[in-house]
file protein-v5.cif (mmCIF, C-alpha atoms)
data_query
#
loop_
_atom_site.label_atom_id
_atom_site.label_comp_id
_atom_site.auth_asym_id
_atom_site.auth_seq_id
_atom_site.Cartn_x
_atom_site.Cartn_y
_atom_site.Cartn_z
CA MET A 1443 0.00 0.00 0.00
CA SER A 1444 1.30 3.48 -0.89
CA GLU A 1445 1.98 5.96 1.93
CA ASP A 1446 -0.52 8.34 0.32
CA ARG A 1447 -3.32 5.77 0.28
CA VAL A 1448 -5.36 3.69 2.71
CA THR A 1449 -7.06 0.36 2.16
CA LEU A 1450 -10.72 -0.08 3.03
CA ASN A 1451 -11.90 -3.64 3.61
CA ALA A 1452 -15.65 -3.85 3.00
CA VAL A 1453 -17.51 -7.16 2.83
CA GLY A 1454 -14.51 -9.13 1.66
CA SER A 1455 -13.26 -6.64 -0.93
CA ALA A 1456 -10.31 -4.27 -0.55
CA THR A 1457 -10.41 -0.78 -2.04
CA GLU A 1458 -7.51 1.66 -2.06
CA LEU A 1459 -8.47 5.27 -1.33
CA ASP A 1460 -6.27 8.33 -1.72
CA LEU A 1461 -5.25 10.46 1.25
CA VAL A 1462 -5.63 14.24 1.01
CA PRO A 1463 -3.26 15.89 3.50
CA GLY A 1464 -3.76 19.34 4.94
CA THR A 1465 -0.90 21.76 5.54
CA ILE A 1466 -1.92 21.48 9.19
CA GLY A 1467 -4.69 19.58 10.95
CA ASP A 1468 -6.74 16.68 9.63
CA THR A 1469 -5.84 14.44 6.70
CA GLY A 1470 -8.77 13.43 4.52
CA ILE A 1471 -9.63 10.11 2.93
CA ASP A 1472 -10.92 10.70 -0.60
CA ILE A 1473 -14.08 8.57 -0.90
CA ASN A 1474 -15.24 9.83 -4.29
CA ARG A 1475 -14.89 6.29 -5.68
CA LEU A 1476 -16.36 4.56 -2.64
CA ARG A 1477 -19.87 3.89 -3.95
CA SER A 1478 -18.80 2.85 -7.44
CA ALA A 1479 -16.09 0.55 -6.06
CA THR A 1480 -17.95 -1.01 -3.13
CA GLY A 1481 -21.65 -0.28 -3.57
CA LYS A 1482 -21.55 1.37 -0.12
CA VAL A 1483 -21.92 4.95 1.10
CA THR A 1484 -20.89 6.56 4.38
CA LEU A 1485 -23.40 7.59 7.06
CA ASP A 1486 -22.24 10.56 9.11
CA PHE A 1487 -24.92 12.43 11.06
CA GLY A 1488 -24.03 16.13 11.34
CA PHE A 1489 -21.01 15.54 9.05
CA ALA A 1490 -18.75 15.48 12.11
CA ASN A 1491 -16.29 13.20 10.30
CA THR A 1492 -16.81 14.40 6.74
CA ALA A 1493 -14.90 17.13 4.90
CA GLY A 1494 -17.02 18.66 2.18
CA CYS A 1495 -14.29 20.81 0.69
CA LYS A 1496 -10.64 21.81 0.67
CA SER A 1497 -10.11 25.31 2.03
CA LYS A 1498 -7.32 27.84 2.62
CA ILE A 1499 -9.39 30.31 4.63
CA THR A 1500 -9.77 29.35 8.29
CA TYR A 1501 -8.04 26.84 10.53
CA VAL A 1502 -9.65 25.66 13.75
CA ASN A 1503 -8.08 23.28 16.27
CA GLY A 1504 -10.68 22.53 18.90
CA GLU A 1505 -8.41 20.49 21.14
CA GLU A 1506 -5.79 23.23 21.44
CA GLY A 1507 -8.14 26.20 21.21
CA ILE A 1508 -6.66 27.63 18.00
CA LEU A 1509 -8.41 29.88 15.46
CA ARG A 1510 -6.56 31.43 12.52
CA TYR A 1511 -7.76 33.42 9.51
CA ARG A 1512 -5.52 32.81 6.48
CA GLY A 1513 -2.77 31.74 8.93
CA TYR A 1514 -3.07 34.79 11.21
CA PRO A 1515 -3.89 34.04 14.88
CA ILE A 1516 -7.22 35.50 15.93
CA GLU A 1517 -5.51 37.04 18.97
CA GLN A 1518 -3.28 39.21 16.75
CA LEU A 1519 -6.08 40.25 14.43
CA ALA A 1520 -8.39 41.18 17.32
CA GLU A 1521 -5.67 43.29 18.91
CA HIS A 1522 -4.27 45.08 15.88
CA SER A 1523 -6.70 44.86 12.97
CA THR A 1524 -10.02 46.38 11.96
CA PHE A 1525 -13.05 44.52 10.75
CA LEU A 1526 -12.72 45.80 7.18
CA GLU A 1527 -9.04 44.82 7.12
CA VAL A 1528 -10.05 41.30 8.19
CA ALA A 1529 -12.80 41.28 5.54
CA TYR A 1530 -10.19 42.15 2.90
CA LEU A 1531 -7.90 39.41 4.21
CA LEU A 1532 -10.60 36.76 4.03
CA PHE A 1533 -11.70 37.74 0.53
CA HIS A 1534 -8.30 38.36 -1.11
CA GLY A 1535 -6.10 35.99 0.90
CA ASP A 1536 -3.58 38.52 2.19
CA LEU A 1537 -3.59 41.57 4.42
CA PRO A 1538 -3.89 44.76 2.37
CA THR A 1539 -1.25 47.40 1.87
CA GLY A 1540 -2.11 50.90 3.05
CA ASP A 1541 -3.31 51.92 -0.40
CA GLU A 1542 -5.32 48.73 -0.88
CA LEU A 1543 -7.03 49.14 2.48
CA ALA A 1544 -7.84 52.80 1.83
CA ARG A 1545 -9.38 51.91 -1.54
CA PHE A 1546 -11.35 49.03 -0.03
CA GLN A 1547 -12.67 51.20 2.80
CA SER A 1548 -13.67 53.92 0.34
CA GLU A 1549 -15.54 51.44 -1.86
CA ILE A 1550 -17.41 50.06 1.16
CA THR A 1551 -18.24 53.55 2.42
CA HIS A 1552 -19.69 54.64 -0.91
CA HIS A 1553 -21.96 51.62 -1.24
CA THR A 1554 -23.72 51.86 2.14
CA LEU A 1555 -26.88 53.54 0.82
CA LEU A 1556 -29.86 51.42 -0.16
CA ASN A 1557 -32.05 52.09 -3.16
CA GLU A 1558 -34.96 54.25 -1.98
CA GLU A 1559 -37.41 51.64 -3.23
CA MET A 1560 -36.16 49.36 -0.44
CA LYS A 1561 -38.06 51.54 2.04
CA LYS A 1562 -41.30 50.05 0.76
CA PHE A 1563 -39.83 46.63 1.39
CA PHE A 1564 -39.25 47.40 5.07
CA ASP A 1565 -42.62 49.10 5.43
CA ALA A 1566 -44.35 45.93 4.21
CA PHE A 1567 -43.21 43.93 7.25
CA PRO A 1568 -45.24 43.94 10.46
CA LYS A 1569 -43.69 45.83 13.34
CA SER A 1570 -43.28 42.55 15.21
CA ALA A 1571 -41.16 40.96 12.45
CA HIS A 1572 -37.91 39.47 13.73
CA PRO A 1573 -34.90 41.40 12.36
CA MET A 1574 -33.32 38.14 11.14
CA ALA A 1575 -36.34 37.46 8.94
CA ILE A 1576 -36.05 40.95 7.48
CA LEU A 1577 -32.28 40.62 7.06
CA SER A 1578 -32.53 37.33 5.16
CA SER A 1579 -35.36 38.61 2.95
CA ALA A 1580 -33.68 41.93 2.25
CA THR A 1581 -30.38 40.26 1.35
CA SER A 1582 -32.12 38.13 -1.25
CA ALA A 1583 -34.09 41.14 -2.48
CA LEU A 1584 -30.87 43.12 -3.04
CA ALA A 1585 -30.12 40.81 -5.96
CA THR A 1586 -33.04 42.33 -7.86
CA PHE A 1587 -31.26 45.70 -7.93
CA TYR A 1588 -28.05 44.23 -9.38
CA PRO A 1589 -28.98 41.83 -12.20
CA ALA A 1590 -25.63 42.45 -13.89
CA LEU A 1591 -23.73 41.21 -10.82
CA GLN A 1592 -25.29 37.77 -10.47
CA ASN A 1593 -22.85 35.74 -12.58
CA PRO A 1594 -20.93 33.58 -10.07
CA VAL A 1595 -18.03 32.91 -12.48
CA ASP A 1596 -17.41 36.58 -13.34
CA PRO A 1597 -14.67 37.84 -10.95
CA TYR A 1598 -15.75 41.47 -11.34
CA ALA A 1599 -19.40 40.64 -10.58
CA VAL A 1600 -18.37 38.60 -7.53
CA GLU A 1601 -16.17 41.36 -6.13
CA GLN A 1602 -18.79 44.05 -6.70
CA SER A 1603 -21.49 41.87 -5.11
CA ALA A 1604 -19.22 41.30 -2.11
CA LEU A 1605 -18.56 45.02 -1.70
CA ARG A 1606 -22.25 45.83 -1.78
CA LEU A 1607 -23.18 43.12 0.70
CA ILE A 1608 -20.54 44.15 3.24
CA ALA A 1609 -21.45 47.82 2.78
CA LYS A 1610 -25.22 47.49 2.90
CA MET A 1611 -25.72 44.83 5.56
CA PRO A 1612 -25.39 47.28 8.51
CA THR A 1613 -27.81 49.67 6.77
CA VAL A 1614 -30.34 46.85 6.31
CA ALA A 1615 -29.89 45.76 9.93
CA ALA A 1616 -30.33 49.27 11.31
CA MET A 1617 -33.45 49.87 9.20
CA ALA A 1618 -34.91 46.57 10.38
CA TYR A 1619 -34.35 47.69 13.97
CA LYS A 1620 -35.82 51.15 13.42
CA LYS A 1621 -38.85 49.55 11.80
CA SER A 1622 -39.38 47.34 14.87
CA ILE A 1623 -39.48 50.31 17.25
CA GLY A 1624 -41.42 52.69 15.03
CA LEU A 1625 -38.68 55.29 14.64
CA PRO A 1626 -37.51 56.93 11.39
CA TYR A 1627 -34.66 55.40 9.44
CA VAL A 1628 -31.24 57.01 9.78
CA TYR A 1629 -29.10 57.23 6.65
CA PRO A 1630 -25.44 56.13 6.61
CA ARG A 1631 -22.70 58.74 6.75
CA ASN A 1632 -19.56 58.71 4.63
CA ASP A 1633 -17.49 60.48 7.30
CA LEU A 1634 -17.76 57.60 9.79
CA ASN A 1635 -15.92 54.30 9.91
CA TYR A 1636 -17.75 51.00 9.54
CA SER A 1637 -18.67 50.24 13.15
CA THR A 1638 -19.26 53.87 14.12
CA ASN A 1639 -21.54 54.32 11.12
CA PHE A 1640 -23.57 51.26 12.10
CA LEU A 1641 -23.94 52.42 15.71
CA ASN A 1642 -25.00 55.85 14.49
CA MET A 1643 -27.69 54.37 12.22
CA MET A 1644 -28.88 52.19 15.10
CA PHE A 1645 -29.09 54.68 17.93
CA SER A 1646 -29.20 58.23 16.57
CA LEU A 1647 -32.25 60.21 15.44
CA PRO A 1648 -32.70 62.58 12.49
CA VAL A 1649 -33.56 65.40 14.91
CA GLU A 1650 -30.28 65.34 16.83
CA ASP A 1651 -26.62 64.50 16.46
CA THR A 1652 -25.36 61.51 18.45
CA GLU A 1653 -21.66 61.11 19.10
CA VAL A 1654 -20.56 57.48 19.20
CA ASP A 1655 -18.00 56.63 21.89
CA PRO A 1656 -14.88 55.35 20.03
CA VAL A 1657 -14.34 52.76 22.76
CA ILE A 1658 -17.80 51.36 22.06
CA ALA A 1659 -17.17 51.39 18.31
CA ARG A 1660 -13.89 49.52 18.82
CA ALA A 1661 -15.65 46.96 21.01
CA LEU A 1662 -18.14 46.31 18.21
CA ASP A 1663 -15.31 46.06 15.67
CA VAL A 1664 -13.58 43.38 17.76
CA LEU A 1665 -16.85 41.48 18.15
CA LEU A 1666 -17.30 41.47 14.38
CA ILE A 1667 -13.71 40.29 13.84
CA LEU A 1668 -14.20 37.38 16.24
CA HIS A 1669 -17.28 36.26 14.30
CA ALA A 1670 -15.85 36.79 10.79
CA ASP A 1671 -15.35 33.11 9.95
CA HIS A 1672 -15.30 29.74 11.67
CA GLU A 1673 -14.60 27.08 9.09
CA GLN A 1674 -17.41 24.77 7.88
CA ASN A 1675 -20.13 25.52 10.43
CA CYS A 1676 -23.84 25.13 9.70
CA SER A 1677 -24.39 28.53 8.04
CA THR A 1678 -21.13 28.48 6.07
CA SER A 1679 -21.86 24.97 4.82
CA THR A 1680 -25.31 26.23 3.83
CA VAL A 1681 -23.80 29.10 1.83
CA ARG A 1682 -21.49 26.67 0.06
CA LEU A 1683 -24.25 24.14 -0.62
CA VAL A 1684 -26.62 26.74 -2.07
CA GLY A 1685 -23.77 28.28 -4.05
CA SER A 1686 -22.83 24.90 -5.50
CA SER A 1687 -25.99 25.15 -7.62
CA ARG A 1688 -24.52 28.37 -9.09
CA ALA A 1689 -26.98 30.47 -7.13
CA ASN A 1690 -25.80 34.08 -6.93
CA LEU A 1691 -23.96 35.44 -3.90
CA PHE A 1692 -26.97 37.39 -2.57
CA ALA A 1693 -29.19 34.29 -2.56
CA SER A 1694 -26.48 32.11 -1.03
CA VAL A 1695 -25.80 34.57 1.79
CA SER A 1696 -29.54 34.91 2.42
CA ALA A 1697 -29.67 31.15 2.97
CA GLY A 1698 -26.72 31.39 5.35
CA ILE A 1699 -28.53 34.04 7.39
CA SER A 1700 -31.53 31.73 7.74
CA ALA A 1701 -29.27 28.89 8.92
CA LEU A 1702 -27.58 31.21 11.42
CA TRP A 1703 -30.96 32.13 12.91
CA GLY A 1704 -31.31 28.74 14.62
CA PRO A 1705 -30.85 28.69 18.42
CA LEU A 1706 -28.21 25.95 18.15
CA HIS A 1707 -26.08 28.20 15.92
CA GLY A 1708 -26.12 32.00 15.84
CA GLY A 1709 -29.24 32.27 17.96
CA ALA A 1710 -27.34 30.96 20.97
CA ASN A 1711 -26.29 34.44 22.12
CA GLN A 1712 -29.96 35.45 22.23
CA GLN A 1713 -30.69 32.30 24.22
CA VAL A 1714 -28.03 33.35 26.74
CA LEU A 1715 -29.83 36.58 27.57
CA GLU A 1716 -33.22 34.89 27.69
CA MET A 1717 -31.73 32.35 30.12
CA LEU A 1718 -30.35 35.15 32.29
CA ALA A 1719 -33.78 36.82 32.28
CA GLN A 1720 -35.36 33.55 33.36
CA ILE A 1721 -32.90 33.22 36.27
CA HIS A 1722 -33.59 36.82 37.26
CA GLU A 1723 -37.35 36.22 37.26
CA ASP A 1724 -36.73 33.17 39.43
CA GLY A 1725 -35.44 35.31 42.27
CA HIS A 1726 -31.94 35.91 40.92
CA ASP A 1727 -31.05 32.42 42.18
CA TYR A 1728 -28.12 31.48 39.97
CA LYS A 1729 -27.14 28.62 42.31
CA LYS A 1730 -30.50 27.01 41.65
CA ALA A 1731 -29.84 27.33 37.91
CA ILE A 1732 -26.46 25.64 38.33
CA ALA A 1733 -28.09 22.77 40.23
CA ARG A 1734 -30.76 22.36 37.56
CA ALA A 1735 -28.11 22.31 34.82
CA LYS A 1736 -26.34 19.45 36.62
CA ASP A 1737 -29.56 17.46 36.96
CA LYS A 1738 -29.74 15.13 33.94
CA ASP A 1739 -33.49 14.73 34.44
CA ASP A 1740 -34.13 18.48 34.27
CA PRO A 1741 -34.64 19.88 30.71
CA PHE A 1742 -33.17 23.23 31.81
CA ARG A 1743 -29.82 24.01 30.22
CA LEU A 1744 -27.22 26.73 30.58
CA TRP A 1745 -26.76 28.44 27.23
CA GLY A 1746 -23.34 29.81 26.36
CA PHE A 1747 -21.23 27.06 27.95
CA GLY A 1748 -19.19 24.51 26.05
CA HIS A 1749 -18.67 24.25 22.30
CA ARG A 1750 -19.05 21.50 19.72
CA VAL A 1751 -15.60 22.17 18.24
CA TYR A 1752 -13.56 23.60 21.11
CA LYS A 1753 -12.75 20.98 23.74
CA SER A 1754 -10.68 23.45 25.73
CA PHE A 1755 -11.37 27.20 26.02
CA ASP A 1756 -12.86 28.95 23.01
CA PRO A 1757 -10.06 31.38 21.93
CA ARG A 1758 -12.66 33.97 20.93
CA ALA A 1759 -14.13 33.78 24.43
CA THR A 1760 -10.65 34.26 25.91
CA ILE A 1761 -10.28 37.52 23.97
CA LEU A 1762 -13.83 38.67 24.58
CA ARG A 1763 -13.82 37.88 28.30
CA ASN A 1764 -11.35 40.66 29.09
CA PHE A 1765 -12.99 42.95 26.57
CA THR A 1766 -16.41 42.36 28.10
CA HIS A 1767 -15.23 43.30 31.56
CA ASP A 1768 -13.53 46.42 30.16
CA VAL A 1769 -16.76 47.45 28.43
CA LEU A 1770 -18.80 46.89 31.60
CA ASP A 1771 -16.32 48.96 33.60
CA ARG A 1772 -16.28 51.68 30.94
CA LEU A 1773 -20.06 51.94 30.77
CA GLY A 1774 -20.61 51.43 34.46
CA ALA A 1775 -23.32 48.96 33.49
CA ASP A 1776 -25.71 48.43 36.39
CA ASP A 1777 -27.75 45.53 35.09
CA PRO A 1778 -29.05 42.57 37.13
CA LEU A 1779 -28.72 40.24 34.13
CA LEU A 1780 -25.08 41.16 33.70
CA GLU A 1781 -24.55 40.56 37.40
CA ILE A 1782 -26.00 37.05 37.05
CA ALA A 1783 -23.75 36.42 34.05
CA VAL A 1784 -20.64 37.29 36.07
CA GLN A 1785 -21.78 34.96 38.85
CA LEU A 1786 -22.34 32.10 36.41
CA GLU A 1787 -18.95 32.75 34.85
CA ASP A 1788 -17.24 32.51 38.25
CA VAL A 1789 -18.89 29.14 38.91
CA ALA A 1790 -18.04 27.73 35.49
CA MET A 1791 -14.39 28.70 35.90
CA SER A 1792 -14.04 27.00 39.30
CA ASP A 1793 -16.62 24.21 39.58
CA ASP A 1794 -15.22 20.71 38.88
CA TYR A 1795 -18.46 19.70 37.15
CA PHE A 1796 -17.90 22.33 34.44
CA ILE A 1797 -14.12 21.96 34.26
CA GLU A 1798 -14.21 18.17 33.85
CA ARG A 1799 -16.72 18.49 31.02
CA ASP A 1800 -14.96 21.43 29.34
CA LEU A 1801 -18.08 23.56 29.82
CA TYR A 1802 -16.28 26.87 29.72
CA PRO A 1803 -18.10 30.06 28.71
CA ASN A 1804 -18.02 30.32 24.92
CA VAL A 1805 -18.11 33.28 22.55
CA ASP A 1806 -21.94 33.35 22.58
CA PHE A 1807 -21.93 33.84 26.36
CA TYR A 1808 -19.66 36.87 26.25
CA SER A 1809 -21.00 38.34 23.01
CA GLY A 1810 -24.54 38.31 24.40
CA ILE A 1811 -23.41 40.13 27.54
CA THR A 1812 -21.37 42.65 25.57
CA PHE A 1813 -24.10 43.32 22.99
CA ARG A 1814 -26.51 44.03 25.84
CA ALA A 1815 -24.03 46.34 27.53
CA LEU A 1816 -23.56 48.22 24.25
CA GLY A 1817 -27.30 48.86 24.13
CA PHE A 1818 -28.43 46.36 21.50
CA PRO A 1819 -31.80 44.68 22.09
CA VAL A 1820 -31.79 40.90 22.34
CA ARG A 1821 -33.54 40.43 18.98
CA MET A 1822 -30.58 42.11 17.25
CA PHE A 1823 -27.91 39.79 18.65
CA THR A 1824 -28.02 37.24 15.83
CA VAL A 1825 -28.17 40.06 13.29
CA LEU A 1826 -24.85 41.33 14.65
CA PHE A 1827 -23.45 37.82 14.33
CA ALA A 1828 -24.56 37.79 10.68
CA ILE A 1829 -22.84 41.10 9.94
CA GLY A 1830 -19.65 39.74 11.45
CA ARG A 1831 -19.85 36.38 9.65
CA LEU A 1832 -20.60 37.95 6.27
CA PRO A 1833 -16.97 38.26 5.04
CA GLY A 1834 -16.39 34.61 5.88
CA TRP A 1835 -19.48 33.50 3.99
CA ILE A 1836 -18.39 35.53 0.98
CA ALA A 1837 -14.83 34.19 1.06
CA GLN A 1838 -16.02 30.60 1.44
CA TRP A 1839 -18.54 31.01 -1.41
CA LYS A 1840 -15.85 32.53 -3.66
CA GLU A 1841 -13.41 29.74 -2.88
CA MET A 1842 -16.08 27.14 -3.61
CA VAL A 1843 -16.99 28.70 -6.97
CA GLU A 1844 -13.33 28.94 -8.04
CA ASP A 1845 -12.47 25.35 -7.02
CA PRO A 1846 -12.47 23.12 -10.15
CA ASP A 1847 -13.36 20.12 -7.95
CA THR A 1848 -16.65 21.69 -6.84
CA ARG A 1849 -19.77 19.71 -7.70
CA ILE A 1850 -23.36 20.53 -6.90
CA GLY A 1851 -24.09 19.33 -3.38
CA ARG A 1852 -26.17 16.20 -3.37
CA PRO A 1853 -25.76 14.01 -0.24
CA ARG A 1854 -26.72 10.34 -0.32
CA GLN A 1855 -29.08 8.71 2.14
CA ILE A 1856 -29.75 5.36 3.74
CA TYR A 1857 -33.35 4.58 2.82
CA GLN A 1858 -35.27 2.71 5.54
CA GLY A 1859 -38.86 3.13 4.35
CA GLU A 1860 -41.34 0.73 2.75
CA VAL A 1861 -39.85 -1.25 -0.15
CA LEU A 1862 -42.88 -1.47 -2.44
CA ARG A 1863 -46.62 -1.03 -1.97
CA ASP A 1864 -49.54 -1.14 -4.40
CA TYR A 1865 -51.92 1.77 -4.59
CA LEU A 1866 -55.44 1.13 -3.31
CA PRO A 1867 -58.48 3.26 -4.13
CA VAL A 1868 -59.74 5.30 -1.21
CA THR A 1869 -62.83 3.09 -0.90
CA ASP A 1870 -60.64 0.03 -0.26
CA ARG A 1871 -58.35 1.50 2.41
#
call {"tool": "encode", "arguments": {"input": "protein-v5.cif", "output": "structure tokens"}}
result
Amino acid sequence: MSEDRVTLNAVGSATELDLVPGTIGDTGIDINRLRSATGKVTLDFGFANTAGCKSKITYVNGEEGILRYRGYPIEQLAEHSTFLEVAYLLFHGDLPTGDELARFQSEITHHTLLNEEMKKFFDAFPKSAHPMAILSSATSALATFYPALQNPVDPYAVEQSALRLIAKMPTVAAMAYKKSIGLPYVYPRNDLNYSTNFLNMMFSLPVEDTEVDPVIARALDVLLILHADHEQNCSTSTVRLVGSSRANLFASVSAGISALWGPLHGGANQQVLEMLAQIHEDGHDYKKAIARAKDKDDPFRLWGFGHRVYKSFDPRATILRNFTHDVLDRLGADDPLLEIAVQLEDVAMSDDYFIERDLYPNVDFYSGITFRALGFPVRMFTVLFAIGRLPGWIAQWKEMVEDPDTRIGRPRQIYQGEVLRDYLPVTDR
């Protein structure tokens, strides 16, 4: 057997399969010939053992708590970079020069406005509409304004679509929020940076100027950087799968937003705050909540602890933990829910039950607390996650489209239903 192959023994027959090594991390077993050679398929619920692509974008090592974008440690990017610089890195593969970054920032800034006809789109939603529903719908609707940019194999169309999505997503999000509270929309401003502009559209009013605290804007920028990509998670895999049909970038990202909405994915940070509210309503008894979480017969669960990938501490949570406490100190946040969160954090960091099970606070725990401290309502938490994850979705979609090995996604199944039945008229059933 060759060193770059493995032998699979299946029902008495041996089949050699090629190995696909990574530059770091897992080595894959190429099973493209498996069904034709053996008549068998793999069954892998949740695709926990299945690589659906080769990628050069993000590396995650859950055992060692490592996250890198294009080879750069997340710790360095969070400390030194800006969100738009990270977006450029993910899309183009390298950090920009000063001139490249200035040009990229200018292009983003000058695409933040929405077509005025989009106002009717927002007005058509009920006031109670969840911002994620509006965000997903609006992202898909944007494609109708750019019919010339929907060719997924045209590099210019892809780049221009990416610029518009990154530029307009905060505007869409802010308008969705303003719609939900019955206040007038606030237009973007070209004199503000990305995060400051978003905060201004969210919290200012047309009748008065609102100065955004640069510390708060930087906190939001770091939060967006930490969410920018995370390998082949549910929403990213969704974007790739939809894009494999040659659907345009707007439609593919819209599908990713819908996948992110689920409480087991991006919705987890909203679940964290709802859990804290529940504990507060139950007499602020966080010790009771801890006891319930340990009781295997109690359906109650502590959201924001542990992670499917990270078996040690989530590196994003490590960064955000210190940042969260700095933000709380800066704002002097006097909030009973935030107080409960700190108490839960102290227990999780010292209780053997949590330590032995690697149930450390994850990025959703700290992002939910920080978003609340920054003034964002709970229903906007997952929207913020989507804005942060957008550059990663775009980069992953672009990589998928450009990969000559890409095929339309079409998983197999193991059928376990009825083999054959004859139709009977309704009178004979």
call {"tool": "residues_around", "arguments": {"input": "protein-v5.cif", "residues": "stretch 1835-1851 of chain A", "least_positions_apart": "6", "cutoff": "6 Å", "atoms": "only C-alpha atoms", "output": "PyMOL selection string"}}
result
chain A and resi 1532-1533+1678+1682-1683+1686-1687
call {"tool": "atom_distance", "arguments": {"input": "protein-v5.cif", "atom1": "atom CA of A:Glu1505", "atom2": "atom CA of A:Ser1754"}}
result
5.9 Å
call {"tool": "resolve_selection", "arguments": {"input": "protein-v5.cif", "expression": "the PyMOL selection byres ((chain A and resi 1461-1475) around 9)", "output": "PyMOL selection string"}}
result
chain A and resi 1445-1448+1459-1460+1476-1480+1483-1484+1492-1493+1496+1501-1503
call {"tool": "closest_residue", "arguments": {"input": "protein-v5.cif", "among": "A:Tyr1752, A:Phe1823, A:Tyr1627, A:Tyr1619", "to": "A:Gln1713", "atoms": "only C-alpha atoms"}}
result
A:Phe1823
call {"tool": "residues_around", "arguments": {"input": "protein-v5.cif", "residues": "A:Gly1774", "least_positions_apart": "5", "cutoff": "10 Å", "atoms": "only C-alpha atoms", "output": "MDAnalysis selection string"}}
result
chainID A and resid 1768:1769 1815
call {"tool": "atom_distance", "arguments": {"input": "protein-v5.cif", "atom1": "atom CA of A:Pro1515", "atom2": "atom CA of A:Leu1665"}}
result
15.3 Å
call {"tool": "closest_residue", "arguments": {"input": "protein-v5.cif", "among": "A:His1553, A:His1722, A:Lys1753, A:Lys1562", "to": "A:Gly1507", "atoms": "only C-alpha atoms"}}
result
A:Lys1753
